[in-house]
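The data block below is run.cif; it holds mmCIF, C-alpha atoms.
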data_protein
#
loop_
_atom_site.label_atom_id
_atom_site.label_comp_id
_atom_site.auth_asym_id
_atom_site.auth_seq_id
_atom_site.Cartn_x
_atom_site.Cartn_y
_atom_site.Cartn_z
CA MET A 1 103.16 97.44 91.67
CA ALA A 2 106.89 96.72 91.88
CA LEU A 3 108.05 95.39 95.24
CA SER A 4 111.38 96.28 96.79
CA PRO A 5 113.26 96.19 100.11
CA CYS A 6 112.59 99.15 102.39
CA SER A 7 115.87 101.07 102.40
CA ALA A 8 114.57 103.88 104.63
CA ARG A 9 116.86 106.56 103.17
CA THR A 10 116.25 109.71 105.18
CA ASP A 11 116.58 113.46 104.88
CA ALA A 12 118.32 115.77 107.30
CA GLN A 13 115.42 115.52 109.75
CA GLY A 14 115.53 111.74 109.79
CA ARG A 15 112.33 111.69 107.74
CA GLU A 16 112.24 109.04 105.05
CA LEU A 17 113.04 110.32 101.56
CA ALA A 18 111.20 107.68 99.57
CA GLN A 19 107.92 108.59 97.92
CA HIS A 20 105.50 105.83 98.81
CA GLY A 21 103.34 105.23 95.77
CA THR A 22 102.12 108.15 93.67
CA ALA A 23 100.10 111.29 94.27
CA GLN A 24 97.13 109.51 92.68
CA PHE A 25 97.56 106.28 94.68
CA PRO A 26 99.77 106.99 97.72
CA ILE A 27 100.77 103.52 98.91
CA ALA A 28 103.85 101.37 98.41
CA CYS A 29 104.45 97.75 99.41
CA TYR A 30 107.77 96.24 100.43
CA GLN A 31 109.21 92.82 101.16
CA ASP A 32 112.17 92.64 103.51
CA ASP A 33 114.68 90.07 104.69
CA LEU A 34 116.10 91.28 108.00
CA THR A 35 118.90 88.75 107.74
CA LYS A 36 120.35 90.90 104.96
CA ASN A 37 119.53 94.37 106.22
CA PRO A 38 117.77 95.78 109.29
CA VAL A 39 115.45 98.75 108.81
CA PRO A 40 117.27 101.71 110.43
CA TRP A 41 115.74 104.35 112.66
CA HIS A 42 113.54 106.70 110.62
CA TRP A 43 110.10 108.29 110.54
CA HIS A 44 107.57 109.43 107.94
CA THR A 45 104.25 111.23 107.83
CA GLU A 46 102.54 108.19 106.30
CA LEU A 47 101.07 105.27 108.23
CA GLU A 48 102.86 101.92 108.16
CA ILE A 49 101.66 98.34 108.57
CA LEU A 50 103.66 95.13 108.53
CA MET A 51 103.22 91.39 108.90
CA VAL A 52 105.93 88.87 109.79
CA LEU A 53 106.03 85.90 107.42
CA GLU A 54 108.96 83.96 108.83
CA GLY A 55 111.06 84.15 111.99
CA THR A 56 110.87 86.87 114.61
CA ALA A 57 111.32 90.62 114.29
CA VAL A 58 112.06 93.25 116.89
CA VAL A 59 110.06 96.39 116.16
CA ALA A 60 111.18 99.51 117.99
CA ALA A 61 108.72 102.41 118.12
CA GLY A 62 109.75 105.39 120.18
CA THR A 63 110.88 104.14 123.58
CA GLU A 64 109.28 100.70 123.29
CA ARG A 65 110.46 97.38 121.87
CA PHE A 66 108.16 94.59 120.65
CA THR A 67 108.94 91.02 119.67
CA VAL A 68 106.76 90.24 116.65
CA GLY A 69 106.49 86.61 115.67
CA ARG A 70 105.36 84.76 112.58
CA GLY A 71 101.77 85.57 111.64
CA GLU A 72 101.72 88.69 113.82
CA GLY A 73 101.56 92.29 112.62
CA PHE A 74 102.30 95.84 113.62
CA PHE A 75 100.84 99.32 113.07
CA ILE A 76 102.94 102.51 113.21
CA ASN A 77 101.24 105.90 113.30
CA SER A 78 102.35 109.04 111.50
CA GLY A 79 105.56 110.72 112.68
CA VAL A 80 106.72 107.91 114.98
CA LEU A 81 110.45 107.22 115.14
CA HIS A 82 110.89 103.49 114.48
CA ALA A 83 113.26 100.72 113.38
CA VAL A 84 113.08 96.97 112.72
CA TRP A 85 115.69 94.25 113.10
CA GLU A 86 115.72 90.48 113.43
CA GLN A 87 115.71 88.84 116.82
CA GLU A 88 119.17 87.47 117.50
CA GLY A 89 119.58 84.06 115.92
CA ALA A 90 116.19 84.13 114.19
CA GLU A 91 116.04 84.80 110.44
CA CYS A 92 113.11 87.02 109.58
CA ARG A 93 111.13 88.05 106.50
CA PHE A 94 108.17 90.39 106.51
CA HIS A 95 105.80 92.33 104.27
CA SER A 96 105.06 95.99 104.86
CA ALA A 97 103.03 98.78 103.34
CA VAL A 98 103.39 102.53 103.80
CA PHE A 99 100.44 104.71 102.83
CA HIS A 100 99.25 108.28 103.17
CA PRO A 101 96.14 108.63 105.34
CA ARG A 102 94.34 110.50 102.55
CA LEU A 103 94.11 107.19 100.66
CA VAL A 104 91.43 106.24 103.20
CA GLY A 105 90.31 109.65 104.43
CA GLY A 106 89.97 111.52 101.16
CA GLY A 107 89.71 115.30 101.61
CA PHE A 108 90.14 116.96 105.00
CA GLY A 109 86.47 117.89 105.10
CA SER A 110 85.13 114.39 104.46
CA VAL A 111 83.31 112.35 107.08
CA PHE A 112 85.99 109.66 106.69
CA TRP A 113 88.74 112.09 107.61
CA ARG A 114 86.77 113.83 110.38
CA ASP A 115 85.42 110.76 112.17
CA TYR A 116 88.11 108.15 111.59
CA VAL A 117 91.45 109.31 110.18
CA ASP A 118 91.94 112.54 112.14
CA PRO A 119 91.13 110.92 115.51
CA LEU A 120 93.62 108.15 114.71
CA LEU A 121 96.40 110.60 113.79
CA GLY A 122 95.77 112.60 116.96
CA ASN A 123 95.56 109.61 119.29
CA THR A 124 98.81 109.78 121.29
CA ALA A 125 97.84 106.52 122.98
CA LEU A 126 97.98 104.79 119.59
CA LYS A 127 101.41 105.71 118.30
CA ARG A 128 101.98 102.00 117.65
CA LEU A 129 100.15 98.70 118.08
CA HIS A 130 101.36 95.10 118.16
CA LEU A 131 98.73 92.86 116.58
CA ASP A 132 99.56 89.69 118.49
CA HIS A 133 96.16 87.93 118.75
CA THR A 134 95.64 88.98 122.38
CA GLU A 135 92.40 90.62 121.22
CA ALA A 136 89.79 88.81 119.13
CA TRP A 137 89.68 91.60 116.55
CA HIS A 138 93.38 91.30 115.77
CA ARG A 139 92.60 88.51 113.31
CA GLU A 140 90.37 90.89 111.34
CA ALA A 141 93.08 93.55 111.36
CA LEU A 142 95.75 91.11 110.19
CA GLN A 143 93.47 89.91 107.40
CA ALA A 144 92.97 93.52 106.30
CA ILE A 145 96.76 94.04 106.20
CA HIS A 146 97.20 90.86 104.17
CA ASP A 147 94.40 91.80 101.74
CA ALA A 148 95.74 95.32 101.17
CA TRP A 149 99.32 94.13 100.58
CA THR A 150 98.27 91.26 98.30
CA ALA A 151 96.01 93.50 96.21
CA CYS A 152 98.86 95.96 95.59
CA ALA A 153 101.40 93.20 94.93
CA ASP A 154 99.23 91.18 92.51
CA GLU A 155 97.40 94.11 90.85
CA PRO A 156 94.19 92.33 89.79
CA SER A 157 91.61 94.42 87.95
CA GLY A 158 90.31 97.03 90.38
CA TYR A 159 93.06 96.34 92.92
CA GLU A 160 93.03 100.00 93.98
CA PHE A 161 89.48 99.57 95.30
CA GLN A 162 90.42 96.32 97.04
CA ALA A 163 93.43 97.89 98.75
CA ARG A 164 91.52 100.99 99.85
CA SER A 165 88.65 98.85 101.16
CA ALA A 166 91.00 96.68 103.22
CA LEU A 167 92.81 99.73 104.63
CA SER A 168 89.49 101.40 105.44
CA GLN A 169 88.51 98.30 107.42
CA LEU A 170 91.82 98.45 109.27
CA ILE A 171 91.42 102.15 110.13
CA PHE A 172 87.88 101.49 111.37
CA LEU A 173 89.10 98.67 113.61
CA LEU A 174 91.91 100.79 115.03
CA THR A 175 89.70 103.80 115.79
CA SER A 176 86.82 101.77 117.21
CA ARG A 177 88.86 99.29 119.26
CA CYS A 178 91.62 101.58 120.55
CA PRO A 179 90.03 104.61 122.25
CA ALA A 180 92.10 107.69 123.03
CA SER A 181 91.39 107.20 126.74
CA GLU A 182 94.05 104.49 126.88
CA LYS A 183 97.31 105.49 128.55
CA ALA A 184 99.26 107.89 126.35
CA PRO A 185 103.07 108.34 126.38
CA SER A 186 104.25 110.76 129.04
CA LYS A 187 105.18 114.33 128.18
CA LYS A 188 108.75 113.41 129.10
CA ALA A 189 108.81 110.51 126.61
CA LEU A 190 107.38 112.72 123.85
CA ARG A 191 109.95 115.44 124.63
CA ASP A 192 112.81 112.93 124.60
CA GLU A 193 111.70 111.58 121.22
CA ALA A 194 111.52 115.11 119.77
CA ARG A 195 115.04 115.83 121.04
CA VAL A 196 116.40 112.61 119.56
CA LYS A 197 114.84 113.48 116.19
CA THR A 198 116.66 116.83 116.31
CA MET A 199 119.97 115.20 117.23
CA ILE A 200 119.53 112.55 114.52
CA GLN A 201 119.01 115.43 112.08
CA TYR A 202 122.40 116.82 113.08
CA ILE A 203 124.08 113.43 112.70
CA HIS A 204 122.56 112.87 109.26
CA GLU A 205 123.82 116.28 108.15
CA ASN A 206 127.34 115.83 109.52
CA TYR A 207 128.14 112.09 109.65
CA GLY A 208 130.98 112.52 107.16
CA GLU A 209 132.74 114.99 109.46
CA GLU A 210 134.45 114.53 112.82
CA ILE A 211 131.63 114.91 115.34
CA GLY A 212 131.35 114.15 119.04
CA THR A 213 128.76 113.96 121.79
CA ALA A 214 129.16 117.63 122.71
CA ALA A 215 128.26 118.80 119.20
CA ILE A 216 125.34 116.38 118.98
CA ALA A 217 124.01 117.59 122.34
CA GLY A 218 124.45 121.22 121.29
CA SER A 219 122.24 120.68 118.24
CA ALA A 220 119.28 120.10 120.60
CA ALA A 221 120.45 122.64 123.21
CA VAL A 222 120.92 120.01 125.91
CA SER A 223 123.86 118.91 128.04
CA GLU A 224 126.00 115.94 127.12
CA SER A 225 124.55 113.92 130.00
CA GLU A 226 121.00 114.75 128.87
CA CYS A 227 121.94 113.82 125.30
CA LEU A 228 123.19 110.43 126.48
CA ARG A 229 120.05 109.88 128.58
CA CYS A 230 117.70 110.77 125.71
CA PHE A 231 119.43 108.41 123.28
CA ARG A 232 119.51 105.60 125.82
CA SER A 233 115.88 105.98 126.88
CA THR A 234 114.49 106.46 123.36
CA ILE A 235 116.49 104.22 121.01
CA ASP A 236 118.59 102.26 123.53
CA THR A 237 122.01 103.26 122.26
CA THR A 238 124.55 106.05 122.71
CA PRO A 239 124.99 108.99 120.34
CA MET A 240 128.39 107.77 119.13
CA GLN A 241 127.18 104.20 118.67
CA TYR A 242 124.38 105.61 116.52
CA VAL A 243 126.90 107.67 114.53
CA LYS A 244 129.02 104.57 113.83
CA GLU A 245 126.00 102.47 112.84
CA PHE A 246 124.66 105.19 110.54
CA ARG A 247 128.06 105.61 108.89
CA LEU A 248 128.27 101.85 108.29
CA GLN A 249 124.74 101.78 106.84
CA ARG A 250 125.63 104.55 104.39
CA ALA A 251 128.90 102.84 103.50
CA ALA A 252 127.05 99.58 102.75
CA GLU A 253 124.61 101.45 100.51
CA LEU A 254 127.46 103.12 98.59
CA LEU A 255 129.37 99.86 98.21
CA ALA A 256 126.29 98.23 96.70
CA SER A 257 125.22 101.13 94.47
CA THR A 258 128.40 102.85 93.27
CA GLN A 259 131.84 102.03 91.90
CA GLN A 260 133.66 104.43 94.23
CA GLY A 261 136.85 103.16 95.80
CA ILE A 262 136.56 101.49 99.19
CA ALA A 263 138.89 103.93 100.94
CA GLU A 264 137.01 106.81 99.32
CA ILE A 265 133.67 105.48 100.60
CA GLY A 266 135.14 105.00 104.07
CA ALA A 267 136.41 108.58 104.17
CA GLN A 268 133.14 109.93 102.77
CA CYS A 269 131.31 108.18 105.62
CA GLY A 270 133.59 109.52 108.33
CA PHE A 271 136.14 106.67 108.55
CA LEU A 272 139.44 108.39 107.79
CA ASP A 273 141.48 105.32 108.80
CA ALA A 274 140.96 102.69 106.08
CA SER A 275 142.07 99.78 108.31
CA TYR A 276 139.61 100.83 111.04
CA PHE A 277 136.84 101.09 108.44
CA THR A 278 137.54 97.55 107.26
CA LYS A 279 137.64 96.28 110.86
CA VAL A 280 134.30 97.77 111.99
CA PHE A 281 132.62 96.93 108.67
CA ARG A 282 133.66 93.29 109.05
CA GLU A 283 132.30 93.27 112.61
CA ARG A 284 128.91 94.48 111.36
CA GLU A 285 128.55 92.55 108.09
CA GLY A 286 130.73 89.49 108.68
CA CYS A 287 132.89 90.28 105.66
CA SER A 288 135.23 92.95 104.34
CA PRO A 289 133.94 95.90 102.28
CA SER A 290 135.34 94.36 99.08
CA GLU A 291 133.68 91.02 99.82
CA TYR A 292 130.40 92.81 100.57
CA ARG A 293 130.56 94.56 97.19
CA ARG A 294 131.14 91.28 95.37
CA ARG A 295 128.17 89.67 97.15
CA THR A 296 125.81 92.50 96.32
CA ASP A 297 126.91 92.43 92.66
CA THR A 298 125.57 88.89 92.25
#
How would this structure read if it were set down as structure tokens?
Amino acid sequence: MALSPCSARTDAQGRELAQHGTAQFPIACYQDDLTKNPVPWHWHTELEILMVLEGTAVVAAGTERFTVGRGEGFFINSGVLHAVWEQEGAECRFHSAVFHPRLVGGGFGSVFWRDYVDPLLGNTALKRLHLDHTEAWHREALQAIHDAWTACADEPSGYEFQARSALSQLIFLLTSRCPASEKAPSKKALRDEARVKTMIQYIHENYGEEIGTAAIAGSAAVSESECLRCFRSTIDTTPMQYVKEFRLQRAAELLASTQQGIAEIGAQCGFLDASYFTKVFREREGCSPSEYRRRTDT
């Protein structure tokens, strides 16, 4: 199975566009260096697991932030808005895998789906979990993540069985050790996250145009002050800061993957002033757009 960085390209709803694996074997494994690129805010219907190999990562899931150190892992449930970046001053590499729950659960009528997968998907108290060794069973869960990722990466004979077995063990541990009676996110937090997803949809559809806070707020039928509060409480930024960051992410992708002119890319991503585009791009990447293109060509 070919490994690649997780680019997290999204559709208009903020849902990730990438197909993870195939219809026959719905899992994909990634290796990421957060020093080069953070994983932007996105969500997908699949489950995600990751393990930090070096340094320290900050994993954001909904309204919460977690510092995940070397040898620790993380689980992200279906539909959860999340992002990953390196802790300031700490280089970070990690492995991750994204898989459809049917890989473990089989058909909707199976005992695996009924008794294990469906309760996990519906457990609002388990939208995310930091596997940080505070519980004895975390070691088993981390081993399962390692075994699943390694099987897919190395592809020994019968690796599909090995990966599914390891993921089945992980799902069993999560459902048996994390009961739904644990404290779930408040209705307010769930509502705020849904609103932010809607507003992110609007931004992703219109980032190349001139947009402001009022238009972003209007897309979710909320006031500007409520828009600002939702962004701040859910992803700890402002709407316009998110717009600028998303535009710069798209510009970096286009610089690395196309031969379009730099001014053309800037304008396409909403930066009509070429000098301003160069200025803010340098602030984010530490180099000019042309220098960034030369680095990514090597």
Could you build a table of the residues in stretch 100-186 of chain A lying no more than 10 Å from stretch 54-72 of chain A, giving for each the nearest pair of atoms and their separation in Å rounded to one decimal place, using all atoms listed in the file, ordered by chain and ascending residue number, as JSON lines?
{"residue": "A:Lys127", "atom": "CA", "partner": "A:Ala61", "partner_atom": "CA", "distance": 8.0}
{"residue": "A:Arg128", "atom": "CA", "partner": "A:Ala61", "partner_atom": "CA", "distance": 6.8}
{"residue": "A:Leu129", "atom": "CA", "partner": "A:Ala61", "partner_atom": "CA", "distance": 9.3}
{"residue": "A:His130", "atom": "CA", "partner": "A:Phe66", "partner_atom": "CA", "distance": 7.3}
{"residue": "A:Leu131", "atom": "CA", "partner": "A:Glu72", "partner_atom": "CA", "distance": 5.8}
{"residue": "A:Asp132", "atom": "CA", "partner": "A:Glu72", "partner_atom": "CA", "distance": 5.2}
{"residue": "A:His133", "atom": "CA", "partner": "A:Glu72", "partner_atom": "CA", "distance": 7.5}
{"residue": "A:His138", "atom": "CA", "partner": "A:Glu72", "partner_atom": "CA", "distance": 9.0}
{"residue": "A:Arg139", "atom": "CA", "partner": "A:Glu72", "partner_atom": "CA", "distance": 9.1}
{"residue": "A:Leu142", "atom": "CA", "partner": "A:Glu72", "partner_atom": "CA", "distance": 7.4}
{"residue": "A:Pro185", "atom": "CA", "partner": "A:Thr63", "partner_atom": "CA", "distance": 9.3}
Distance query A:Glu224 at most 9 Å, all atoms listed in the file, self and fewer than 6 positions along chain excluded, as a CSV table (one decimal) with C-alpha atoms, keeping the file's coordinate frame:
chain,number,residue,atom,x,y,z
A,213,THR,CA,128.8,114.0,121.8
A,214,ALA,CA,129.2,117.6,122.7
A,215,ALA,CA,128.3,118.8,119.2
A,216,ILE,CA,125.3,116.4,119.0
A,217,ALA,CA,124.0,117.6,122.3
A,218,GLY,CA,124.4,121.2,121.3
Task: Shortest interatomic distance to A:Thr234 - which of A:Glu193, A:Lys188, A:Leu47, A:Ile145, counting only C-alpha atoms - done: A:Glu193
Axis-aligned box for stretch 211-215 of chain A, 8 Å per side, centre and edges in Å as AutoDock Vina command-line options:
--center_x 129.9 --center_y 116.4 --center_z 119.0 --size_x 19.4 --size_y 20.8 --size_z 23.4
Open item on the list: Which residue is closest to A:Ala153? Choose from A:Ala97, A:Ile262, A:Ala256, A:Ile76 and count all atoms listed in the file.
Closed with: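 Selected residue with least distance to A:Ala153: A:Ala97.
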TODO: Please identify all polymer residues within 9 Å of A:Ala263, counting all atoms listed in the file, omitting same-chain residues fewer than 2 positions from it, and present them as an NGL selection string.
DONE: :A and (260-261 or 265-268 or 271-274 or 277)
TODO: Go ahead and compute the interatomic distance for atom CA of A:Trp149 and atom CA of A:Glu91, in Å to one decimal.
DONE: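 Atom CA of A:Glu91 lies at a distance of 21.5 Å from atom CA of A:Trp149.
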- [ ] Can you work out the spacing between atom CA of A:Ala252 and atom CA of A:Gly208 in Å, to one decimal?
- [x] 14.2 Å
TODO: Would you work out the distance separating atom CA of A:Asp297 from atom CA of A:Ser257, expressed in Å to one decimal?
DONE: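 Between atom CA of A:Asp297 and atom CA of A:Ser257 the gap is 9.0 Å.
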The PyMOL selection byres ((chain A and resi 248) around 10) - which residues does that actually catch in the file I just gave you? List them as a compact mmCIF listing (two decimals) with C-alpha atoms, in the frame of the given file.
# COMPACT_ATOMS: atom_id res chain seq x y z
CA TYR A 242 124.38 105.61 116.52
CA VAL A 243 126.90 107.67 114.53
CA LYS A 244 129.02 104.57 113.83
CA GLU A 245 126.00 102.47 112.84
CA PHE A 246 124.66 105.19 110.54
CA ARG A 247 128.06 105.61 108.89
CA GLN A 249 124.74 101.78 106.84
CA ARG A 250 125.63 104.55 104.39
CA ALA A 251 128.90 102.84 103.50
CA ALA A 252 127.05 99.58 102.75
CA GLU A 253 124.61 101.45 100.51
CA LEU A 254 127.46 103.12 98.59
CA GLY A 266 135.14 105.00 104.07
CA CYS A 269 131.31 108.18 105.62
CA GLY A 270 133.59 109.52 108.33
CA PHE A 271 136.14 106.67 108.55
CA PHE A 277 136.84 101.09 108.44
CA VAL A 280 134.30 97.77 111.99
CA PHE A 281 132.62 96.93 108.67
CA ARG A 284 128.91 94.48 111.36
CA GLU A 285 128.55 92.55 108.09
